[in-house]
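Content type CSV, C-alpha atoms, from the file input22.csv:
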```
chain,number,residue,atom,x,y,z
A,23,MET,CA,3.0,13.6,-19.2
A,24,ASN,CA,1.2,16.7,-17.9
A,25,THR,CA,2.5,19.1,-15.2
A,26,GLU,CA,0.5,17.5,-12.4
A,27,GLU,CA,1.8,14.0,-13.3
A,28,THR,CA,5.3,15.3,-13.4
A,29,VAL,CA,4.9,16.7,-9.9
A,30,LEU,CA,3.4,13.4,-8.7
A,31,GLU,CA,6.3,11.4,-10.1
A,32,ASP,CA,8.9,13.8,-8.6
A,33,LEU,CA,7.3,13.5,-5.2
A,34,TYR,CA,7.0,9.7,-5.6
A,35,GLN,CA,10.7,9.4,-6.5
A,36,GLU,CA,11.8,11.6,-3.5
A,37,LEU,CA,9.6,9.6,-1.1
A,38,ASP,CA,11.1,6.4,-2.5
A,39,LYS,CA,14.6,7.7,-1.8
A,40,ILE,CA,13.9,8.4,1.9
A,41,LYS,CA,12.3,5.0,2.2
A,42,THR,CA,15.4,3.3,0.8
A,43,LYS,CA,17.6,5.3,3.2
A,44,ALA,CA,15.3,4.5,6.1
A,45,LYS,CA,15.4,0.8,5.3
A,46,GLN,CA,19.2,0.9,5.2
A,47,GLU,CA,19.2,2.5,8.7
A,48,TYR,CA,16.7,0.0,10.0
A,49,LYS,CA,18.6,-3.1,8.9
A,50,ASP,CA,20.7,-2.7,12.0
A,51,VAL,CA,17.6,-3.6,14.1
A,52,ASN,CA,17.5,-7.4,14.7
A,53,ILE,CA,14.4,-8.8,13.0
A,54,LYS,CA,13.9,-12.2,14.8
A,55,ILE,CA,12.5,-15.0,12.7
A,56,ASN,CA,11.1,-18.2,14.2
A,57,LEU,CA,10.7,-20.5,11.2
A,58,ALA,CA,8.6,-23.1,13.0
A,59,GLU,CA,6.2,-20.4,14.2
A,60,LEU,CA,6.0,-19.0,10.6
A,61,GLU,CA,5.3,-22.4,9.1
A,62,LYS,CA,2.5,-22.9,11.6
A,63,ARG,CA,1.0,-19.5,10.8
A,64,ILE,CA,1.0,-20.2,7.0
A,65,ALA,CA,-0.5,-23.7,7.6
A,66,GLN,CA,-3.4,-22.0,9.5
A,67,SER,CA,-3.8,-19.4,6.7
A,68,GLN,CA,-2.4,-16.6,9.0
A,69,HIS,CA,-0.2,-13.9,7.6
A,70,LEU,CA,3.4,-13.9,8.8
A,71,ILE,CA,3.8,-10.6,10.6
A,72,ASP,CA,2.2,-10.6,14.1
A,73,LEU,CA,1.5,-6.9,14.6
A,74,LYS,CA,0.9,-7.3,18.3
A,75,ASN,CA,4.5,-8.2,18.9
A,76,LEU,CA,5.9,-5.7,16.4
A,77,LYS,CA,7.9,-2.8,18.0
A,78,ILE,CA,9.2,0.1,15.9
A,79,ASP,CA,12.2,2.1,17.0
A,80,ASN,CA,10.9,5.6,17.9
A,81,LYS,CA,14.0,7.5,17.1
A,82,TRP,CA,14.1,5.9,13.7
A,83,LEU,CA,10.4,6.8,13.2
A,84,GLU,CA,11.1,10.4,14.1
A,85,ARG,CA,13.9,10.7,11.6
A,86,LEU,CA,11.7,9.3,8.9
A,87,PHE,CA,8.9,11.6,9.9
A,88,LYS,CA,11.2,14.7,9.8
A,89,ASN,CA,12.4,13.7,6.3
A,90,TYR,CA,8.8,13.2,5.1
A,91,LEU,CA,7.9,16.7,6.3
A,92,LEU,CA,10.9,18.3,4.4
A,93,ILE,CA,9.7,16.7,1.2
A,94,LEU,CA,6.1,17.5,1.8
A,95,GLU,CA,6.9,21.2,2.2
A,96,LYS,CA,8.5,21.3,-1.3
A,97,TYR,CA,5.2,20.6,-3.1
A,98,LYS,CA,2.4,23.1,-3.1
A,99,LYS,CA,1.7,25.7,-0.4
A,100,GLU,CA,-1.2,23.6,1.0
A,101,ASN,CA,1.2,20.7,1.7
A,102,GLY,CA,3.5,23.1,3.6
A,103,GLU,CA,0.5,23.9,5.9
A,104,ILE,CA,-0.1,20.1,6.3
A,105,ALA,CA,3.5,19.6,7.3
A,106,LYS,CA,3.3,22.4,9.8
A,107,LYS,CA,0.2,20.9,11.5
A,108,LEU,CA,1.8,17.5,11.6
A,109,ASP,CA,5.0,18.9,13.2
A,110,GLN,CA,3.0,20.8,15.8
A,111,GLY,CA,0.9,17.8,16.6
A,112,PHE,CA,4.0,15.7,17.1
A,113,LYS,CA,5.7,18.3,19.3
A,114,GLN,CA,2.5,18.7,21.4
A,115,GLN,CA,2.3,14.9,21.8
A,116,ILE,CA,-1.1,14.7,20.1
A,117,LEU,CA,0.4,12.7,17.2
A,118,ASP,CA,2.1,9.4,18.2
A,119,LEU,CA,4.0,8.0,15.2
A,120,GLU,CA,4.0,4.3,16.0
A,121,THR,CA,0.3,4.4,17.0
A,122,LEU,CA,-0.6,6.2,13.8
A,123,ALA,CA,1.3,3.7,11.6
A,124,LYS,CA,-0.4,0.7,13.2
A,125,LYS,CA,-3.9,2.3,13.2
A,126,VAL,CA,-3.5,3.1,9.5
A,127,PHE,CA,-2.5,-0.5,8.8
A,128,HIS,CA,-5.8,-1.6,10.5
A,129,PHE,CA,-7.8,1.1,8.8
A,130,ASP,CA,-9.1,2.3,12.2
A,131,SER,CA,-11.4,5.0,10.8
A,132,VAL,CA,-12.6,6.1,14.3
A,133,TYR,CA,-9.1,6.8,15.5
A,134,LEU,CA,-8.2,8.6,12.2
A,135,GLU,CA,-11.4,10.7,12.3
A,136,THR,CA,-10.8,11.7,15.9
A,137,LEU,CA,-7.1,12.6,15.4
A,138,ALA,CA,-7.9,14.5,12.1
A,139,LYS,CA,-10.4,16.6,14.0
A,140,LYS,CA,-7.9,17.4,16.8
A,141,MET,CA,-5.2,18.4,14.3
A,142,ASN,CA,-7.5,20.1,11.8
A,143,LEU,CA,-6.3,17.8,9.0
A,144,LYS,CA,-8.0,15.4,6.5
A,145,ILE,CA,-8.1,11.7,7.3
A,146,GLU,CA,-6.2,11.2,3.9
A,147,ASP,CA,-3.3,13.3,5.2
A,148,LEU,CA,-2.9,11.1,8.3
A,149,ALA,CA,-3.4,7.9,6.4
A,150,PHE,CA,-0.8,8.7,3.8
A,151,LEU,CA,1.7,9.6,6.6
A,152,GLY,CA,1.0,6.4,8.4
A,153,LEU,CA,1.7,4.4,5.2
A,154,GLN,CA,5.0,6.2,4.7
A,155,LEU,CA,6.0,5.3,8.3
A,156,ILE,CA,5.1,1.6,8.3
A,157,ASN,CA,6.0,0.8,4.7
A,158,PRO,CA,9.8,0.6,5.1
A,159,VAL,CA,9.5,-1.7,8.2
A,160,PHE,CA,7.0,-4.0,6.5
A,161,GLU,CA,9.1,-4.2,3.3
A,162,LEU,CA,12.1,-5.2,5.4
A,163,TYR,CA,10.1,-7.9,7.1
A,164,ALA,CA,8.8,-9.1,3.8
A,165,GLU,CA,12.3,-9.3,2.3
A,166,LYS,CA,13.5,-11.3,5.3
A,167,LEU,CA,10.5,-13.7,5.3
A,168,ILE,CA,9.9,-14.4,1.7
A,169,GLY,CA,12.4,-17.0,0.6
A,170,LYS,CA,12.8,-18.5,4.1
A,171,ILE,CA,9.3,-20.1,4.0
A,172,GLU,CA,7.1,-21.8,1.4
A,173,THR,CA,4.3,-19.4,0.4
A,174,ASP,CA,3.5,-20.9,-3.1
A,175,LYS,CA,0.5,-22.7,-1.7
A,176,TRP,CA,-1.0,-19.5,-0.3
A,177,SER,CA,-4.5,-19.2,-1.8
A,178,LYS,CA,-5.9,-16.3,0.1
A,179,GLY,CA,-6.8,-12.8,-1.3
A,180,TYR,CA,-4.9,-11.1,1.5
A,181,CYS,CA,-1.2,-10.6,1.8
A,182,PRO,CA,0.7,-13.7,3.2
A,183,VAL,CA,3.2,-11.4,4.9
A,184,CYS,CA,1.2,-8.7,6.6
A,185,GLY,CA,-2.5,-9.6,5.9
A,186,SER,CA,-3.4,-6.5,4.0
A,187,PRO,CA,-5.8,-6.6,1.0
A,188,PRO,CA,-4.2,-6.0,-2.4
A,189,VAL,CA,-4.5,-2.6,-4.1
A,190,MET,CA,-3.2,-3.6,-7.5
A,191,ALA,CA,-2.5,-6.6,-9.6
A,192,TYR,CA,-0.9,-7.6,-12.9
A,193,LEU,CA,-1.4,-10.4,-15.4
A,194,ARG,CA,2.0,-12.0,-15.8
A,195,LYS,CA,3.6,-11.8,-19.3
A,196,ASP,CA,4.7,-15.4,-19.5
A,197,ASP,CA,1.5,-17.2,-18.6
A,198,GLY,CA,-1.2,-14.6,-17.9
A,199,LYS,CA,-1.4,-15.6,-14.2
A,200,ARG,CA,-2.8,-12.9,-11.9
A,201,ILE,CA,-0.3,-11.6,-9.4
A,202,LEU,CA,-1.6,-9.4,-6.5
A,203,TRP,CA,0.4,-6.6,-4.9
A,204,CYS,CA,0.4,-5.4,-1.3
A,205,GLN,CA,0.7,-1.6,-0.8
A,206,PHE,CA,2.0,-2.0,2.8
A,207,CYS,CA,4.9,-4.5,2.4
A,208,GLY,CA,5.3,-4.8,-1.4
A,209,THR,CA,4.7,-8.6,-1.4
A,210,LYS,CA,3.4,-10.2,-4.6
A,211,TRP,CA,1.5,-13.4,-4.7
A,212,SER,CA,-0.5,-15.4,-7.3
A,213,PHE,CA,-4.3,-15.6,-7.1
A,214,LEU,CA,-7.1,-17.0,-9.3
A,215,ARG,CA,-8.1,-14.7,-12.1
A,216,LEU,CA,-11.8,-15.6,-11.9
A,217,LYS,CA,-12.2,-15.0,-8.2
A,218,CYS,CA,-12.7,-11.9,-6.1
A,219,PRO,CA,-9.7,-11.5,-3.7
A,220,PHE,CA,-11.8,-9.5,-1.2
A,221,CYS,CA,-14.8,-11.8,-0.7
A,222,SER,CA,-13.8,-15.0,-2.6
A,223,ASN,CA,-16.8,-14.7,-4.9
A,224,GLU,CA,-16.5,-17.0,-8.0
A,225,ASP,CA,-19.9,-16.3,-9.6
A,226,GLN,CA,-18.9,-15.2,-13.1
A,227,LYS,CA,-22.2,-13.4,-13.5
A,228,THR,CA,-21.2,-10.9,-10.7
A,229,LEU,CA,-17.5,-10.5,-11.7
A,230,LYS,CA,-16.6,-8.2,-14.5
A,231,TYR,CA,-14.0,-5.6,-15.6
A,232,PHE,CA,-13.7,-2.5,-17.7
A,233,PHE,CA,-10.8,-0.7,-19.5
A,234,THR,CA,-10.5,2.6,-21.2
A,235,GLU,CA,-9.7,3.2,-24.9
A,236,GLU,CA,-6.8,5.4,-24.0
A,237,ASN,CA,-4.8,2.5,-22.6
A,238,ASN,CA,-6.1,-1.1,-22.8
A,239,SER,CA,-3.2,-2.5,-20.9
A,240,TYR,CA,-5.0,-1.4,-17.7
A,241,ARG,CA,-8.1,-3.1,-16.5
A,242,VAL,CA,-10.3,-2.6,-13.4
A,243,TYR,CA,-11.8,-5.8,-12.0
A,244,LEU,CA,-15.2,-5.4,-10.2
A,245,CYS,CA,-17.1,-7.6,-7.9
A,246,GLU,CA,-20.9,-7.0,-7.7
A,247,LYS,CA,-21.1,-9.0,-4.5
A,248,CYS,CA,-18.8,-7.0,-2.2
A,249,LYS,CA,-18.6,-3.8,-4.4
A,250,LYS,CA,-14.8,-3.8,-4.3
A,251,TYR,CA,-12.5,-3.2,-7.3
A,252,ILE,CA,-8.8,-3.8,-8.1
A,253,LYS,CA,-6.8,-2.2,-10.8
A,254,THR,CA,-4.8,-4.6,-13.0
A,255,ILE,CA,-2.1,-4.3,-15.5
A,256,ASP,CA,-1.9,-6.7,-18.4
A,257,GLN,CA,1.9,-7.1,-18.7
A,258,ARG,CA,1.5,-8.7,-22.1
A,259,LYS,CA,0.2,-5.3,-23.4
A,260,MET,CA,2.8,-3.1,-21.8
A,261,LYS,CA,5.2,-1.1,-24.0
A,262,LYS,CA,8.6,-2.6,-24.6
A,263,GLY,CA,11.0,-1.5,-21.9
A,264,GLU,CA,8.2,-0.1,-19.7
A,265,ASN,CA,8.9,-0.5,-16.0
A,266,LEU,CA,6.5,-2.5,-13.9
A,267,ASP,CA,6.8,-0.3,-10.8
A,268,LEU,CA,3.4,-1.0,-9.1
A,269,GLY,CA,3.8,1.8,-6.6
A,270,TRP,CA,4.0,4.3,-9.4
A,271,LYS,CA,1.4,2.5,-11.5
A,272,ASN,CA,-1.0,2.8,-8.6
A,273,ILE,CA,-0.5,6.6,-8.6
A,274,GLU,CA,-0.4,7.0,-12.4
A,275,THR,CA,-3.8,5.4,-12.7
A,276,LEU,CA,-5.8,7.4,-10.2
A,277,ALA,CA,-8.3,8.3,-12.9
A,278,LEU,CA,-9.3,4.6,-12.9
A,279,ASP,CA,-10.0,4.8,-9.2
A,280,PHE,CA,-12.3,7.8,-9.8
A,281,LEU,CA,-14.2,5.9,-12.5
A,282,ALA,CA,-14.7,2.8,-10.3
A,283,GLN,CA,-15.7,4.9,-7.3
A,284,LYS,CA,-18.1,6.9,-9.3
A,285,GLU,CA,-20.0,3.6,-10.1
A,286,GLY,CA,-20.2,2.8,-6.4
A,287,TYR,CA,-17.2,0.5,-6.0
A,288,SER,CA,-14.5,0.9,-3.2
A,289,SER,CA,-11.0,0.0,-2.4
A,290,GLN,CA,-8.9,0.0,0.8
A,291,LYS,CA,-6.0,1.7,-1.0
A,292,ILE,CA,-4.4,4.8,0.5
A,293,VAL,CA,-4.6,7.7,-1.9
A,294,PHE,CA,-1.4,9.4,-2.9
A,295,SER,CA,-1.6,13.0,-2.0
A,296,VAL,CA,0.2,16.1,-3.3
```

When written as structure tokens, how does the structure in this file appear?
Amino acid sequence: MNTEETVLEDLYQELDKIKTKAKQEYKDVNIKINLAELEKRIAQSQHLIDLKNLKIDNKWLERLFKNYLLILEKYKKENGEIAKKLDQGFKQQILDLETLAKKVFHFDSVYLETLAKKMNLKIEDLAFLGLQLINPVFELYAEKLIGKIETDKWSKGYCPVCGSPPVMAYLRKDDGKRILWCQFCGTKWSFLRLKCPFCSNEDQKTLKYFFTEENNSYRVYLCEKCKKYIKTIDQRKMKKGENLDLGWKNIETLALDFLAQKEGYSSQKIVFSV
């Protein structure tokens, strides 16, 4: 592992710690579950979280935001400048944390472009912050919802819990079945291998994948129809004892994103920044 990868892993581990702490604090908030309503949503192919009715505690968000800034300042001088601008934007009420989190979830590029210009930041800086803010809440909802409702029959390419498109997948060791992973709430669900999760394309002539000689346990599946891609780990080819942490695997394989994007394919993943 080179120096840059070590820094990335250290930052990832620190962010994971503050997320775990934030989830423990947020557990005191009552997450109401209406099973009848959820069953109805699943039957209609609707994801379980209704974002319109989702309220996030502002004091909790602010604590998480402050902890995020402290970690950001530890890695590279440039990130210290980003943290300073984010803090100033928050104090000047230019940056609303709950709005940012929800806009990032919806990939509202107009909002992000406008806010980035006001704060003299990159869109990626705001998008990554928004992900850190909403991820703990969505993971808690996912943990509450999965297991209380039948989702085995879910056949859509988007997440059954929050409706997000997947950013990674793995081929399960036992049976080779493809399992998709949601970056926002951490939910995993099975999906057909020979079908594009983004546009439902099943034409095998327009579906393909590539892998690198350095590590053939990773594949990148491509769809010629919608020009989207998804990185995939073949669990059957992983090293013995290797941890299947999809959050870290997503970061560790950024080189594959660059290769796919160079060929004109895109993904709705939020790029890890350091």

- Message: Calculated over all atoms listed in the file, which of the candidates A:Pro182, A:Gly208, A:Pro219, A:Gly198 has the smallest distance to A:Arg258?
- Response: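 Of all the options, A:Gly198 lies closest to A:Arg258.
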
As a short mmCIF file (atom, residue, chain, number, x, y, z; two decimals) with C-alpha atoms, keeping the file's coordinate frame, please: the residues near A:Leu134 (cut-off 10 Å, only C-alpha atoms, same-chain neighbours under 6 positions excluded).
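Result file around_10.cif:
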```
data_model
loop_
_atom_site.label_atom_id
_atom_site.label_comp_id
_atom_site.auth_asym_id
_atom_site.auth_seq_id
_atom_site.Cartn_x
_atom_site.Cartn_y
_atom_site.Cartn_z
CA LEU A 122 -0.60 6.20 13.80
CA LYS A 125 -3.90 2.30 13.20
CA VAL A 126 -3.50 3.10 9.50
CA LYS A 140 -7.90 17.40 16.80
CA LEU A 143 -6.30 17.80 9.00
CA LYS A 144 -8.00 15.40 6.50
CA ILE A 145 -8.10 11.70 7.30
CA GLU A 146 -6.20 11.20 3.90
CA ASP A 147 -3.30 13.30 5.20
CA LEU A 148 -2.90 11.10 8.30
CA ALA A 149 -3.40 7.90 6.40
#
```

- Query: Interatomic distance between atom CA of A:Asn272 and atom CA of A:Ser177?
  - Reply: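 Between these atoms lies a distance of 23.3 Å.
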
- Item | Using only C-alpha atoms: which of A:Leu86, A:Leu70, A:Ile255, A:Ala164 has the shortest distance to A:Lys210 |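 Closest candidate: A:Ala164.
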
- Query: Contacts of A:Lys195 at 10 Å or less, counting all atoms listed in the file, minus same-chain residues fewer than 4 places along, as an MDAnalysis selection string?
  - Reply: chainID A and resid 199:200 256:260

- Query: If I put a ball of radius 10 Å at (-7.1, -16.1, 2.1) in the file's coordinates, which residues poke into it when counting all atoms listed in the file, written as number ranges by chain?
  - Reply: A: 67-69, 176-182, 185, 187, 213, 219-222

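Across the model, the gap from atom CA of A:Leu60 to atom CA of A:Lys41 is 26.2 Å.
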
Is there a way to get, as an mmCIF file with C-alpha atoms, keeping the file's coordinate frame, all residues within 12 Å of the point (1.2, 21.8, 3.1) in file coordinates, counting all atoms listed in the file?
```cif
data_model
loop_
_atom_site.group_PDB
_atom_site.id
_atom_site.type_symbol
_atom_site.label_atom_id
_atom_site.label_comp_id
_atom_site.auth_asym_id
_atom_site.auth_seq_id
_atom_site.Cartn_x
_atom_site.Cartn_y
_atom_site.Cartn_z
ATOM 1 C CA TYR A 90 8.800 13.200 5.100
ATOM 2 C CA LEU A 91 7.900 16.700 6.300
ATOM 3 C CA LEU A 92 10.900 18.300 4.400
ATOM 4 C CA ILE A 93 9.700 16.700 1.200
ATOM 5 C CA LEU A 94 6.100 17.500 1.800
ATOM 6 C CA GLU A 95 6.900 21.200 2.200
ATOM 7 C CA LYS A 96 8.500 21.300 -1.300
ATOM 8 C CA TYR A 97 5.200 20.600 -3.100
ATOM 9 C CA LYS A 98 2.400 23.100 -3.100
ATOM 10 C CA LYS A 99 1.700 25.700 -0.400
ATOM 11 C CA GLU A 100 -1.200 23.600 1.000
ATOM 12 C CA ASN A 101 1.200 20.700 1.700
ATOM 13 C CA GLY A 102 3.500 23.100 3.600
ATOM 14 C CA GLU A 103 0.500 23.900 5.900
ATOM 15 C CA ILE A 104 -0.100 20.100 6.300
ATOM 16 C CA ALA A 105 3.500 19.600 7.300
ATOM 17 C CA LYS A 106 3.300 22.400 9.800
ATOM 18 C CA LYS A 107 0.200 20.900 11.500
ATOM 19 C CA LEU A 108 1.800 17.500 11.600
ATOM 20 C CA ASP A 109 5.000 18.900 13.200
ATOM 21 C CA LEU A 143 -6.300 17.800 9.000
ATOM 22 C CA LYS A 144 -8.000 15.400 6.500
ATOM 23 C CA ASP A 147 -3.300 13.300 5.200
ATOM 24 C CA SER A 295 -1.600 13.000 -2.000
ATOM 25 C CA VAL A 296 0.200 16.100 -3.300
#
```

- Within 12 Å of A:Ala44 using all atoms listed in the file, minus same-chain residues under 4 positions, as JSON, numbers by chain: {"A": [37, 38, 39, 40, 48, 49, 50, 51, 79, 81, 82, 83, 84, 85, 86, 87, 88, 89, 90, 154, 155, 156, 157, 158, 159, 160, 161, 162]}

- Separation of atom CA of A:Leu202 from atom CA of A:Ser289 in Å: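 We find that atom CA of A:Ser289 and atom CA of A:Leu202 lie 13.9 Å from each other.
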
Closest-contact table, stretch 113-228 of chain A side, partner stretch 242-253 of chain A, 8 Å, counting all atoms listed in the file, as a tab-separated table:
```
residue	atom	partner	partner_atom	distance
A:Pro188	CA	A:Ile252	CA	7.6
A:Val189	CA	A:Ile252	CA	6.0
A:Met190	CA	A:Lys253	CA	5.1
A:Ala191	CA	A:Lys253	CA	6.3
A:Cys218	CA	A:Cys245	CA	6.4
A:Phe220	CA	A:Lys250	CA	7.1
A:Cys221	CA	A:Cys248	CA	6.4
A:Asn223	CA	A:Lys247	CA	7.2
A:Thr228	CA	A:Glu246	CA	4.9
```

Since the input lacks atoms, please generate N, CA and C atoms for stretch 96-123 of chain A and provide them as a PDB file, keeping the file's coordinate frame.
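Written out: result_5.pdb:
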```pdb
ATOM      1  N   LYS A  96       8.007  20.901   0.043  1.00  0.00           N
ATOM      2  CA  LYS A  96       8.500  21.300  -1.300  1.00  0.00           C
ATOM      3  C   LYS A  96       7.390  21.371  -2.329  1.00  0.00           C
ATOM      4  N   TYR A  97       6.268  20.700  -2.055  1.00  0.00           N
ATOM      5  CA  TYR A  97       5.200  20.600  -3.100  1.00  0.00           C
ATOM      6  C   TYR A  97       3.935  21.234  -2.646  1.00  0.00           C
ATOM      7  N   LYS A  98       3.665  22.366  -3.267  1.00  0.00           N
ATOM      8  CA  LYS A  98       2.400  23.100  -3.100  1.00  0.00           C
ATOM      9  C   LYS A  98       2.383  23.789  -1.674  1.00  0.00           C
ATOM     10  N   LYS A  99       1.810  24.965  -1.635  1.00  0.00           N
ATOM     11  CA  LYS A  99       1.700  25.700  -0.400  1.00  0.00           C
ATOM     12  C   LYS A  99       0.811  24.956   0.621  1.00  0.00           C
ATOM     13  N   GLU A 100      -0.272  24.312   0.123  1.00  0.00           N
ATOM     14  CA  GLU A 100      -1.200  23.600   1.000  1.00  0.00           C
ATOM     15  C   GLU A 100      -0.452  22.473   1.760  1.00  0.00           C
ATOM     16  N   ASN A 101       0.488  21.811   1.082  1.00  0.00           N
ATOM     17  CA  ASN A 101       1.200  20.700   1.700  1.00  0.00           C
ATOM     18  C   ASN A 101       2.171  21.264   2.794  1.00  0.00           C
ATOM     19  N   GLY A 102       2.647  22.486   2.610  1.00  0.00           N
ATOM     20  CA  GLY A 102       3.500  23.100   3.600  1.00  0.00           C
ATOM     21  C   GLY A 102       2.657  23.336   4.906  1.00  0.00           C
ATOM     22  N   GLU A 103       1.385  23.687   4.743  1.00  0.00           N
ATOM     23  CA  GLU A 103       0.500  23.900   5.900  1.00  0.00           C
ATOM     24  C   GLU A 103       0.230  22.523   6.585  1.00  0.00           C
ATOM     25  N   ILE A 104       0.076  21.475   5.776  1.00  0.00           N
ATOM     26  CA  ILE A 104      -0.100  20.100   6.300  1.00  0.00           C
ATOM     27  C   ILE A 104       1.099  19.724   7.154  1.00  0.00           C
ATOM     28  N   ALA A 105       2.284  19.955   6.595  1.00  0.00           N
ATOM     29  CA  ALA A 105       3.500  19.600   7.300  1.00  0.00           C
ATOM     30  C   ALA A 105       3.645  20.355   8.609  1.00  0.00           C
ATOM     31  N   LYS A 106       3.257  21.617   8.609  1.00  0.00           N
ATOM     32  CA  LYS A 106       3.300  22.400   9.800  1.00  0.00           C
ATOM     33  C   LYS A 106       2.395  21.871  10.909  1.00  0.00           C
ATOM     34  N   LYS A 107       1.186  21.493  10.515  1.00  0.00           N
ATOM     35  CA  LYS A 107       0.200  20.900  11.500  1.00  0.00           C
ATOM     36  C   LYS A 107       0.694  19.578  12.012  1.00  0.00           C
ATOM     37  N   LEU A 108       1.283  18.771  11.143  1.00  0.00           N
ATOM     38  CA  LEU A 108       1.800  17.500  11.600  1.00  0.00           C
ATOM     39  C   LEU A 108       2.940  17.662  12.580  1.00  0.00           C
ATOM     40  N   ASP A 109       3.827  18.602  12.299  1.00  0.00           N
ATOM     41  CA  ASP A 109       5.000  18.900  13.200  1.00  0.00           C
ATOM     42  C   ASP A 109       4.468  19.385  14.542  1.00  0.00           C
ATOM     43  N   GLN A 110       3.505  20.288  14.519  1.00  0.00           N
ATOM     44  CA  GLN A 110       3.000  20.800  15.800  1.00  0.00           C
ATOM     45  C   GLN A 110       2.281  19.707  16.580  1.00  0.00           C
ATOM     46  N   GLY A 111       1.526  18.859  15.900  1.00  0.00           N
ATOM     47  CA  GLY A 111       0.900  17.800  16.600  1.00  0.00           C
ATOM     48  C   GLY A 111       1.837  16.797  17.232  1.00  0.00           C
ATOM     49  N   PHE A 112       2.965  16.566  16.559  1.00  0.00           N
ATOM     50  CA  PHE A 112       4.000  15.700  17.100  1.00  0.00           C
ATOM     51  C   PHE A 112       4.655  16.332  18.326  1.00  0.00           C
ATOM     52  N   LYS A 113       5.000  17.608  18.222  1.00  0.00           N
ATOM     53  CA  LYS A 113       5.700  18.300  19.300  1.00  0.00           C
ATOM     54  C   LYS A 113       4.744  18.433  20.551  1.00  0.00           C
ATOM     55  N   GLN A 114       3.444  18.550  20.301  1.00  0.00           N
ATOM     56  CA  GLN A 114       2.500  18.700  21.400  1.00  0.00           C
ATOM     57  C   GLN A 114       2.010  17.302  21.906  1.00  0.00           C
ATOM     58  N   GLN A 115       2.608  16.242  21.372  1.00  0.00           N
ATOM     59  CA  GLN A 115       2.300  14.900  21.800  1.00  0.00           C
ATOM     60  C   GLN A 115       0.864  14.445  21.489  1.00  0.00           C
ATOM     61  N   ILE A 116       0.259  15.118  20.523  1.00  0.00           N
ATOM     62  CA  ILE A 116      -1.100  14.700  20.100  1.00  0.00           C
ATOM     63  C   ILE A 116      -0.910  13.562  19.060  1.00  0.00           C
ATOM     64  N   LEU A 117       0.158  13.646  18.281  1.00  0.00           N
ATOM     65  CA  LEU A 117       0.400  12.700  17.200  1.00  0.00           C
ATOM     66  C   LEU A 117       1.527  11.694  17.726  1.00  0.00           C
ATOM     67  N   ASP A 118       1.172  10.428  17.904  1.00  0.00           N
ATOM     68  CA  ASP A 118       2.100   9.400  18.200  1.00  0.00           C
ATOM     69  C   ASP A 118       2.399   8.585  16.952  1.00  0.00           C
ATOM     70  N   LEU A 119       3.642   8.585  16.499  1.00  0.00           N
ATOM     71  CA  LEU A 119       4.000   8.000  15.200  1.00  0.00           C
ATOM     72  C   LEU A 119       3.721   6.533  15.077  1.00  0.00           C
ATOM     73  N   GLU A 120       4.149   5.777  16.083  1.00  0.00           N
ATOM     74  CA  GLU A 120       4.000   4.300  16.000  1.00  0.00           C
ATOM     75  C   GLU A 120       2.478   3.960  16.061  1.00  0.00           C
ATOM     76  N   THR A 121       1.730   4.644  16.913  1.00  0.00           N
ATOM     77  CA  THR A 121       0.300   4.400  17.000  1.00  0.00           C
ATOM     78  C   THR A 121      -0.390   4.696  15.667  1.00  0.00           C
ATOM     79  N   LEU A 122      -0.030   5.841  15.067  1.00  0.00           N
ATOM     80  CA  LEU A 122      -0.600   6.200  13.800  1.00  0.00           C
ATOM     81  C   LEU A 122      -0.330   5.144  12.730  1.00  0.00           C
ATOM     82  N   ALA A 123       0.929   4.705  12.650  1.00  0.00           N
ATOM     83  CA  ALA A 123       1.300   3.700  11.600  1.00  0.00           C
ATOM     84  C   ALA A 123       0.474   2.434  11.790  1.00  0.00           C
TER      85      ALA A 123
END
```
